[in-house]
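**Q** Have a peek at run.txt (compact mmCIF, C-alpha atoms and all ligand atoms).
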# COMPACT_ATOMS: atom_id res chain seq x y z
CA MET A 1 -169.27 280.98 167.24
CA PHE A 2 -171.60 282.05 164.48
CA HIS A 3 -172.74 285.11 162.63
CA ILE A 4 -176.37 285.69 161.61
CA GLU A 5 -177.50 287.67 158.59
CA LYS A 6 -180.86 288.12 156.88
CA ILE A 7 -180.52 287.71 153.12
CA SER A 8 -182.51 288.89 150.16
CA SER A 9 -180.23 287.58 147.39
CA PHE A 10 -177.47 285.00 146.80
CA ASP A 11 -175.09 287.64 145.44
CA SER A 12 -172.51 287.32 148.22
CA PRO A 13 -169.62 284.91 147.32
CA ASP A 14 -170.31 282.95 150.55
CA LEU A 15 -173.77 282.13 149.21
CA GLN A 16 -172.57 280.91 145.80
CA PRO A 17 -172.90 277.20 146.72
CA TYR A 18 -176.66 277.74 147.14
CA ALA A 19 -176.87 279.58 143.83
CA THR A 20 -175.07 276.69 142.04
CA MET A 21 -177.27 273.92 143.42
CA LYS A 22 -178.26 273.00 139.89
CA ARG A 23 -174.58 272.59 138.91
CA PRO A 24 -173.59 269.73 141.19
CA LEU A 25 -170.33 268.89 139.39
CA GLU A 26 -169.04 272.37 140.14
CA GLN A 27 -169.75 271.83 143.84
CA GLU A 28 -168.18 268.37 143.80
CA ARG A 29 -165.00 269.77 142.26
CA GLN A 30 -164.87 272.39 145.00
CA GLY A 31 -165.16 269.68 147.62
CA ILE A 32 -168.47 270.94 149.00
CA PHE A 33 -172.04 269.67 149.08
CA VAL A 34 -175.49 270.98 150.00
CA ALA A 35 -177.53 269.27 152.70
CA GLU A 36 -181.28 269.81 152.51
CA GLY A 37 -184.08 269.35 155.03
CA VAL A 38 -184.37 269.66 158.79
CA LYS A 39 -183.27 266.11 159.69
CA VAL A 40 -180.36 266.02 157.24
CA VAL A 41 -179.04 269.43 158.33
CA ARG A 42 -179.39 268.46 162.01
CA ARG A 43 -177.37 265.29 161.32
CA LEU A 44 -174.73 267.28 159.43
CA LEU A 45 -174.36 269.65 162.39
CA GLU A 46 -174.02 266.65 164.74
CA SER A 47 -171.39 264.99 162.53
CA HIS A 48 -167.61 265.37 162.24
CA PHE A 49 -168.01 266.93 158.75
CA ALA A 50 -166.93 270.57 158.49
CA VAL A 51 -169.86 272.96 157.95
CA ALA A 52 -169.51 276.32 156.16
CA SER A 53 -172.98 277.84 156.42
CA VAL A 54 -176.66 277.25 157.10
CA VAL A 55 -179.67 278.93 155.44
CA LEU A 56 -183.01 278.66 157.18
CA PRO A 57 -186.32 280.43 157.80
CA GLU A 58 -186.19 282.46 161.03
CA LYS A 59 -188.77 280.20 162.74
CA TRP A 60 -186.17 277.36 162.74
CA LEU A 61 -183.39 279.40 164.34
CA ASP A 62 -184.13 278.48 167.99
CA ASP A 63 -184.35 274.79 167.06
CA PHE A 64 -180.94 274.86 165.34
CA ARG A 65 -179.15 277.27 167.65
CA PRO A 66 -177.76 274.70 170.19
CA ARG A 67 -176.36 272.50 167.42
CA ILE A 68 -174.79 275.48 165.64
CA GLU A 69 -173.35 276.81 168.92
CA ALA A 70 -171.84 273.40 169.68
CA ARG A 71 -169.80 273.39 166.44
CA PRO A 72 -166.05 273.95 166.74
CA GLU A 73 -165.78 276.06 163.54
CA PRO A 74 -167.30 279.49 162.79
CA ILE A 75 -170.51 279.04 160.80
CA ALA A 76 -172.40 281.68 158.83
CA VAL A 77 -176.16 281.50 159.45
CA TYR A 78 -178.36 283.14 156.83
CA LEU A 79 -182.05 283.77 157.48
CA ALA A 80 -184.43 283.64 154.53
CA GLU A 81 -188.05 282.66 154.09
CA LYS A 82 -188.82 279.41 152.28
CA LYS A 83 -190.76 281.03 149.42
CA PHE A 84 -187.90 283.43 148.78
CA LEU A 85 -185.34 280.60 148.86
CA GLU A 86 -187.37 278.51 146.45
CA GLY A 87 -187.44 281.43 144.04
CA LEU A 88 -183.66 281.66 144.19
CA VAL A 89 -182.77 277.96 143.97
CA GLY A 90 -185.44 277.22 141.37
CA PHE A 91 -187.20 274.26 142.97
CA SER A 92 -189.63 273.74 145.79
CA MET A 93 -188.42 272.60 149.19
CA PHE A 94 -190.28 270.98 152.03
CA GLN A 95 -188.84 272.99 154.90
CA GLY A 96 -186.46 275.53 153.35
CA VAL A 97 -183.53 274.46 155.54
CA LEU A 98 -180.16 274.10 153.75
CA ALA A 99 -176.51 273.88 154.73
CA VAL A 100 -173.16 273.71 152.96
CA GLY A 101 -170.77 271.05 154.21
CA LYS A 102 -167.25 270.10 153.16
CA ILE A 103 -166.49 266.67 151.75
CA PRO A 104 -163.83 265.10 153.99
CA ALA A 105 -160.47 263.93 152.67
CA PRO A 106 -160.96 260.36 151.49
CA PRO A 107 -159.50 257.55 153.57
CA SER A 108 -157.09 255.12 151.91
CA LEU A 109 -157.79 251.41 151.61
CA ASP A 110 -155.16 250.89 154.32
CA ASP A 111 -157.01 253.32 156.64
CA ILE A 112 -160.27 251.52 156.05
CA LEU A 113 -158.82 248.09 156.69
CA ARG A 114 -156.99 249.31 159.78
CA ASN A 115 -159.99 251.12 161.25
CA SER A 116 -162.69 248.48 160.72
CA ARG A 117 -163.13 245.59 163.10
CA PRO A 118 -163.27 242.05 161.63
CA PRO A 119 -165.34 240.47 160.30
CA ARG A 120 -165.36 243.45 157.96
CA LEU A 121 -168.35 244.35 155.85
CA PHE A 122 -167.82 246.65 152.88
CA VAL A 123 -170.00 247.62 149.91
CA ALA A 124 -168.90 248.64 146.41
CA VAL A 125 -171.00 250.15 143.63
CA ASP A 126 -170.21 249.84 139.93
CA ALA A 127 -171.52 252.57 137.59
CA LEU A 128 -174.38 253.56 139.89
CA THR A 129 -175.44 256.88 138.40
CA ASN A 130 -178.82 257.57 140.00
CA ALA A 131 -178.14 259.79 143.02
CA GLU A 132 -181.42 258.85 144.72
CA ASN A 133 -180.62 255.14 144.47
CA LEU A 134 -177.11 255.76 145.76
CA GLY A 135 -178.52 257.68 148.74
CA ALA A 136 -180.96 254.87 149.55
CA LEU A 137 -178.11 252.34 149.32
CA VAL A 138 -175.99 254.45 151.71
CA ARG A 139 -178.88 254.45 154.21
CA ASN A 140 -179.07 250.65 153.99
CA CYS A 141 -175.30 250.41 154.44
CA VAL A 142 -175.41 252.36 157.70
CA ALA A 143 -178.53 250.52 158.89
CA PHE A 144 -176.82 247.13 158.51
CA GLY A 145 -173.34 247.93 159.80
CA VAL A 146 -171.33 248.41 156.60
CA GLN A 147 -167.91 249.83 157.52
CA ALA A 148 -166.96 251.50 154.21
CA LEU A 149 -168.32 252.18 150.73
CA MET A 150 -166.19 252.03 147.56
CA VAL A 151 -167.72 254.11 144.77
CA GLY A 152 -166.64 252.96 141.30
CA GLU A 153 -165.02 255.35 138.83
CA THR A 154 -168.15 255.60 136.66
CA SER A 155 -170.60 256.08 139.55
CA SER A 156 -172.15 259.31 140.83
CA SER A 157 -170.79 260.92 143.95
CA PRO A 158 -172.67 260.04 147.16
CA TYR A 159 -172.26 263.73 148.09
CA LEU A 160 -174.62 264.99 145.38
CA ARG A 161 -177.52 266.87 147.01
CA ARG A 162 -180.10 264.26 146.04
CA ALA A 163 -177.90 261.42 147.30
CA VAL A 164 -177.26 263.18 150.62
CA ARG A 165 -181.00 263.86 150.95
CA ASN A 166 -181.99 260.27 150.17
CA SER A 167 -179.39 258.92 152.56
CA MET A 168 -181.20 260.98 155.26
CA GLY A 169 -177.78 262.20 156.38
CA THR A 170 -176.46 258.69 157.07
CA ILE A 171 -173.66 259.48 154.57
CA PHE A 172 -172.05 261.50 157.40
CA GLN A 173 -171.41 258.23 159.26
CA LEU A 174 -169.96 256.14 156.42
CA PRO A 175 -166.29 256.20 155.29
CA VAL A 176 -166.26 256.49 151.48
CA ILE A 177 -163.55 255.83 148.90
CA GLU A 178 -164.53 257.54 145.63
CA LEU A 179 -162.55 256.22 142.68
CA ASN A 180 -163.76 258.98 140.34
CA GLN A 181 -162.90 261.89 142.55
CA ARG A 182 -162.92 265.17 140.64
CA ARG A 183 -162.23 267.38 143.61
CA GLY A 184 -159.57 270.08 143.42
CA GLU A 185 -159.68 270.36 139.62
CA LEU A 186 -161.09 273.87 139.72
CA ARG A 187 -158.67 275.41 142.17
CA GLU A 188 -154.96 275.75 142.77
CA PRO A 189 -153.51 273.79 145.71
CA GLN A 190 -153.63 276.11 148.71
CA THR A 191 -151.83 274.29 151.47
CA SER A 192 -148.58 272.39 151.62
CA LEU A 193 -150.64 269.26 152.29
CA GLU A 194 -152.47 269.81 149.02
CA LYS A 195 -149.25 270.62 147.14
CA THR A 196 -147.86 267.24 148.08
CA GLY A 197 -150.96 265.76 146.52
CA THR A 198 -152.27 264.33 149.76
CA ARG A 199 -155.68 266.00 149.50
CA VAL A 200 -156.01 266.82 145.83
CA THR A 201 -155.36 263.34 144.59
CA ARG A 202 -157.47 261.62 141.97
CA PRO A 203 -157.22 257.93 142.74
CA SER A 204 -156.21 256.29 139.49
CA GLU A 205 -157.36 252.83 140.49
CA THR A 206 -160.43 251.30 138.98
CA LEU A 207 -163.06 249.47 140.99
CA ALA A 208 -161.88 246.17 139.48
CA GLN A 209 -158.31 246.86 140.71
CA THR A 210 -159.58 247.86 144.15
CA LEU A 211 -161.58 244.63 144.44
CA ARG A 212 -158.52 242.59 143.45
CA GLU A 213 -156.54 244.40 146.13
CA LEU A 214 -159.25 243.69 148.71
CA ARG A 215 -159.19 240.00 147.74
CA ALA A 216 -155.40 239.93 148.08
CA ARG A 217 -155.93 241.17 151.66
CA GLY A 218 -158.38 238.43 152.50
CA VAL A 219 -161.68 240.25 151.79
CA ARG A 220 -164.11 238.06 149.84
CA CYS A 221 -165.78 240.06 147.02
CA ILE A 222 -169.36 238.96 146.36
CA ALA A 223 -171.22 240.31 143.30
CA ALA A 224 -174.96 240.83 143.78
CA HIS A 225 -176.00 239.63 140.35
CA PRO A 226 -179.55 238.70 139.31
CA HIS A 227 -178.37 236.62 136.34
CA THR A 228 -176.32 233.94 138.03
CA ASP A 229 -177.70 230.45 138.49
CA LYS A 230 -174.68 229.35 140.57
CA LYS A 231 -175.66 230.59 144.03
CA VAL A 232 -178.72 232.12 145.71
CA LEU A 233 -178.61 234.43 148.70
CA SER A 234 -179.53 231.80 151.30
CA GLN A 235 -176.43 229.75 150.27
CA ALA A 236 -173.98 232.66 150.49
CA ASP A 237 -171.54 232.96 153.40
CA PHE A 238 -171.07 236.46 154.79
CA SER A 239 -169.43 235.40 158.06
CA GLY A 240 -165.84 236.46 157.15
CA ASP A 241 -164.47 239.76 155.80
CA CYS A 242 -166.47 240.58 152.68
CA CYS A 243 -167.33 243.28 150.18
CA ILE A 244 -170.72 243.09 148.45
CA VAL A 245 -170.73 244.64 144.97
CA PHE A 246 -173.84 246.18 143.39
CA GLY A 247 -174.29 247.17 139.75
CA SER A 248 -175.89 249.93 137.77
CA GLU A 249 -179.56 250.51 137.09
CA GLY A 250 -179.20 249.87 133.35
CA ASP A 251 -176.49 247.29 132.70
CA GLY A 252 -175.90 245.78 136.12
CA ILE A 253 -172.31 244.86 137.05
CA SER A 254 -169.79 245.31 134.22
CA PRO A 255 -167.89 242.22 132.97
CA ALA A 256 -164.54 243.59 134.30
CA VAL A 257 -165.94 244.10 137.80
CA LEU A 258 -167.78 240.76 137.78
CA GLU A 259 -164.53 239.07 136.77
CA ALA A 260 -162.74 240.73 139.72
CA CYS A 261 -165.21 239.20 142.25
CA ASP A 262 -164.87 235.81 143.96
CA GLU A 263 -168.44 234.79 143.20
CA ALA A 264 -171.86 235.99 142.04
CA VAL A 265 -175.00 235.57 144.15
CA ALA A 266 -178.65 236.14 143.18
CA ILE A 267 -181.78 236.93 145.19
CA PRO A 268 -184.25 234.43 143.72
CA MET A 269 -187.22 236.21 142.13
CA SER A 270 -190.32 235.52 140.09
CA PRO A 271 -189.43 235.08 136.40
CA ALA A 272 -191.93 237.86 135.73
CA VAL A 273 -189.37 240.36 137.08
CA ASP A 274 -185.92 240.97 135.60
CA SER A 275 -184.30 242.57 138.66
CA LEU A 276 -184.93 244.55 141.84
CA ASN A 277 -184.15 248.22 142.32
CA VAL A 278 -180.54 248.40 143.54
CA GLY A 279 -181.58 249.98 146.87
CA ALA A 280 -184.03 247.13 147.50
CA ALA A 281 -181.43 244.52 146.50
CA ALA A 282 -178.91 246.13 148.87
CA ALA A 283 -181.42 246.02 151.75
CA VAL A 284 -182.02 242.28 151.19
CA PHE A 285 -178.32 241.38 150.87
CA LEU A 286 -177.21 243.53 153.82
CA TYR A 287 -179.97 242.23 156.08
CA GLU A 288 -178.78 238.68 155.33
CA ALA A 289 -175.13 239.64 155.98
CA ALA A 290 -176.07 241.33 159.29
CA ARG A 291 -178.27 238.35 160.26
CA GLN A 292 -175.41 235.89 159.70
CA ARG A 293 -173.18 238.07 161.87
CA GLY A 294 -175.76 238.07 164.66
CA HIS A 295 -176.53 241.80 164.31
CA CYS A 296 -180.24 241.42 163.46
C1 LIG B 301 -181.68 247.28 138.54
S1 LIG B 301 -180.49 246.06 138.85
C2 LIG B 301 -179.66 245.88 137.32
C3 LIG B 301 -180.47 245.37 136.24
C4 LIG B 301 -179.70 245.10 135.00
N1 LIG B 301 -180.56 245.29 133.88
C5 LIG B 301 -179.14 243.70 134.99
O1 LIG B 301 -179.61 242.97 134.13
O2 LIG B 301 -178.29 243.32 135.77
C6 LIG B 301 -179.26 246.91 139.76
C7 LIG B 301 -178.40 246.06 140.64
O3 LIG B 301 -179.17 245.60 141.76
C8 LIG B 301 -178.70 244.32 142.18
N2 LIG B 301 -179.80 243.34 142.01
C9 LIG B 301 -181.03 243.61 141.57
N3 LIG B 301 -181.79 242.50 141.59
C10 LIG B 301 -181.01 241.49 142.06
C11 LIG B 301 -181.20 240.11 142.31
N4 LIG B 301 -182.37 239.52 142.09
N5 LIG B 301 -180.16 239.41 142.79
C12 LIG B 301 -178.97 239.98 143.03
N6 LIG B 301 -178.73 241.28 142.82
C13 LIG B 301 -179.73 242.04 142.34
C14 LIG B 301 -177.53 243.98 141.29
O4 LIG B 301 -176.32 244.38 141.89
C15 LIG B 301 -177.81 244.82 140.04
O5 LIG B 301 -176.67 245.05 139.28
Before we go any further, please render this structure as structure tokens.
**A**
Amino acid sequence: MFHIEKISSFDSPDLQPYATMKRPLEQERQGIFVAEGVKVVRRLLESHFAVASVVLPEKWLDDFRPRIEARPEPIAVYLAEKKFLEGLVGFSMFQGVLAVGKIPAPPSLDDILRNSRPPRLFVAVDALTNAENLGALVRNCVAFGVQALMVGETSSSPYLRRAVRNSMGTIFQLPVIELNQRRGELREPQTSLEKTGTRVTRPSETLAQTLRELRARGVRCIAAHPHTDKKVLSQADFSGDCCIVFGSEGDGISPAVLEACDEAVAIPMSPAVDSLNVGAAAAVFLYEAARQRGHC
């Protein structure tokens, strides 16, 4: 079931998420995100994520109609031309197709361990603040069979618009534990579930604590670290349950997180280069992990 309306402004409260696209923290706190582009919005509509609304130029309506009609929830569909939308959101868009989705309740570590088949493959990111890099890393995770992503307390959210866009919508397939969750701060709990704290929780654990907990449950934590001379990628063993940890663009993996890992492993490189982009490093590590597991 859906309702269609032509719009000429973002004044209606339902359209506020589009008007606040340049204030991503506000959206994150409200537990919503904006998906952008034809492919990403199609993937959102095909996913289990709840969708609130879609904005698109009229010429795309017939293309999107079957996916919108197949959704279980009522969705508001707003028609607006690309030029007009760009004027309102303040940046240029390729196709002018946008949607607002709802960030799902985060799974617990127990859920993730219970729901992933061994040998488990997880990824963790420490202080990764560039949303585009995080989106590219998410895409690599899904491409190589990662079963869950742990996002450290000082990292960006993978549900920022640029991260969702760079993931090409693969984020809708990856269970995520965010350790810096700010959701629910702006609003009062509305349901009894929220009042008990089940949905409006802010996990107080740090990434280092989470990695120690994973190790206690038999998951080997492997730091992807360009500065180690102890082990190179071809010597690393990814055949059992493991979590590969990637660091930030500026400082790499923090000492506390490195200390919480079982070992550090480097991709050997020319001495002329200090490190790879984190998305590229993730593709190399995850390909090797998938290869050892017979998935590539
Ligand atoms: C841009 S690099 C970090 C550079 C940072 N200046 C440093 O010295 O660690 C971002 C992340 O990508 C991964 N990475 C990049 N190059 C790597 C390599 N050659 N071996 C292992 N991991 C690498 C690491 O997880 C690293 O923390």
**Q** Build an axis-aligned box that encloses every atom of range 228-247 of chain A listed in the file, pad it by 3 Å on each side, and report its centre and edge lengths in Å to one decimal, as JSON.
**A**
{"center_x": -172.0, "center_y": 238.3, "center_z": 148.0, "size_x": 21.1, "size_y": 23.8, "size_z": 26.0}
**Q** Got a sec: who's within 12 Å of Glu259 in chain A, counting all atoms listed in the file, leaving out chain neighbours fewer than 3 positions off, as a PyMOL selection string?
**A** chain A and resi 207-209+211-212+221-223+245+253-256+262-264
**Q** Within 7 Å of Leu160 in chain A, counting only C-alpha atoms, which residues show up once you throw out same-chain ones fewer than 4 positions away? Write them as a ChimeraX atom specification, please.
**A** /A:24,33,131,164
**Q** Keeping C-alpha atoms for every residue in the selection just given, could you write it to a file as a JSON list (two decimals), keeping the file's coordinate frame?
**A**
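Okay, result-v4.json is ready:
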[["chain", "number", "residue", "atom", "x", "y", "z"],
["A", 24, "PRO", "CA", -173.59, 269.73, 141.19],
["A", 33, "PHE", "CA", -172.04, 269.67, 149.08],
["A", 131, "ALA", "CA", -178.14, 259.79, 143.02],
["A", 164, "VAL", "CA", -177.26, 263.18, 150.62]]
**Q** Restrict the calculation to all atoms listed in the file, then for each residue of chain A with any atom at most 7 Å from an atom of ligand LIG 301 (chain B) give the closest atom pair and their distance in Å to one decimal, rows by chain and rising residue number, as a tab-separated table.
**A**
residue	atom	partner	partner_atom	distance
A:Ala223	CA	B:LIG301	O4	6.7
A:Ala224	CA	B:LIG301	N6	3.9
A:His225	CA	B:LIG301	C12	4.0
A:Pro226	CA	B:LIG301	N5	3.6
A:His227	CA	B:LIG301	O2	6.7
A:Val245	CA	B:LIG301	O4	6.4
A:Phe246	CA	B:LIG301	O4	3.4
A:Gly247	CA	B:LIG301	O5	3.2
A:Ser248	CA	B:LIG301	C6	4.9
A:Glu249	CA	B:LIG301	C1	4.1
A:Gly250	CA	B:LIG301	N1	4.8
A:Asp251	CA	B:LIG301	C4	4.5
A:Gly252	CA	B:LIG301	O5	3.3
A:Ile253	CA	B:LIG301	O5	4.9
A:Val265	CA	B:LIG301	C12	6.0
A:Ala266	CA	B:LIG301	N5	3.6
A:Ile267	CA	B:LIG301	N5	3.8
A:Pro268	CA	B:LIG301	N4	5.7
A:Met269	CA	B:LIG301	N4	5.9
A:Asp274	CA	B:LIG301	O1	6.8
A:Ser275	CA	B:LIG301	N3	3.9
A:Leu276	CA	B:LIG301	N3	3.8
A:Asn277	CA	B:LIG301	C1	4.6
A:Val278	CA	B:LIG301	O3	3.6
A:Ala281	CA	B:LIG301	N2	4.9
A:Ala282	CA	B:LIG301	C8	6.9
**Q** Can you pull out the residues contacting Phe10 in chain A? Cut-off 12 Å, using all atoms listed in the file, and skip same-chain residues under 2 positions away; I want them as a VMD selection string.
**A** chain A and resid 6 to 8 12 to 21 55 78 to 80 84 to 89
**Q** Between CA of Glu5 in chain A and CA of Gly101 in chain A, what is the distance, to one decimal in Å?
**A**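 So the two atoms, CA of Glu5 in chain A and CA of Gly101 in chain A, lie 18.5 Å apart.
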**Q** Can you work out the spacing between CA of Ala105 in chain A and CA of Pro175 in chain A in Å, to one decimal?
**A** 10.0 Å
**Q** Restricting the calculation to all atoms listed in the file, which member of A:Asp110, A:Leu149, A:Arg165, A:Lys59 is positioned closest to Glu132 in chain A?
**A** A:Arg165
**Q** Within 7 Å of Val100 in chain A, counting all atoms listed in the file, which residues qualify if same-chain residues fewer than 6 places away don't, as a list in words?
**A**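 Returned residues: Ile32, Phe33, Val34, Ala35, Val51, Ala52, Ser53 and Val54 of chain A.
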**Q** Residues near Arg71 in chain A, anyone? I mean within 12 Å using all atoms listed in the file, not counting same-chain ones fewer than 6 positions away, as a list in words.
**A**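 The residues satisfying every condition are Met1, Phe2, Arg42, Leu44, Leu45, Glu46, Ser47, His48, Phe49, Ala50, Val51, Ala52, Ser53, Phe64 and Arg65 of chain A.
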**Q** How many Å lie between CA of Ala143 in chain A and CA of Leu179 in chain A, rounded to one decimal?
**A**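 Those two atoms sit 23.5 Å apart.
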**Q** Taking only C-alpha atoms into account, name the residue in A:Arg161, A:Arg67, A:Ser9, A:Leu113 that is nearest to Arg23 in chain A.
**A** A:Arg161
**Q** List as a list of chain:residue names: which residues have an atom within 6 Å of (-166.5, 266.7, 148.4), counting only C-alpha atoms?
**A**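 Those within range, by chain then number, are A:Glu28, A:Gly31, A:Ile32, A:Lys102, A:Ile103.
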**Q** Could you dump the residues just selected with C-alpha atoms as a compact mmCIF listing (two decimals), in the coordinates of the input?
**A**
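Final file, again26.txt:
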# COMPACT_ATOMS: atom_id res chain seq x y z
CA GLU A 28 -168.18 268.37 143.80
CA GLY A 31 -165.16 269.68 147.62
CA ILE A 32 -168.47 270.94 149.00
CA LYS A 102 -167.25 270.10 153.16
CA ILE A 103 -166.49 266.67 151.75
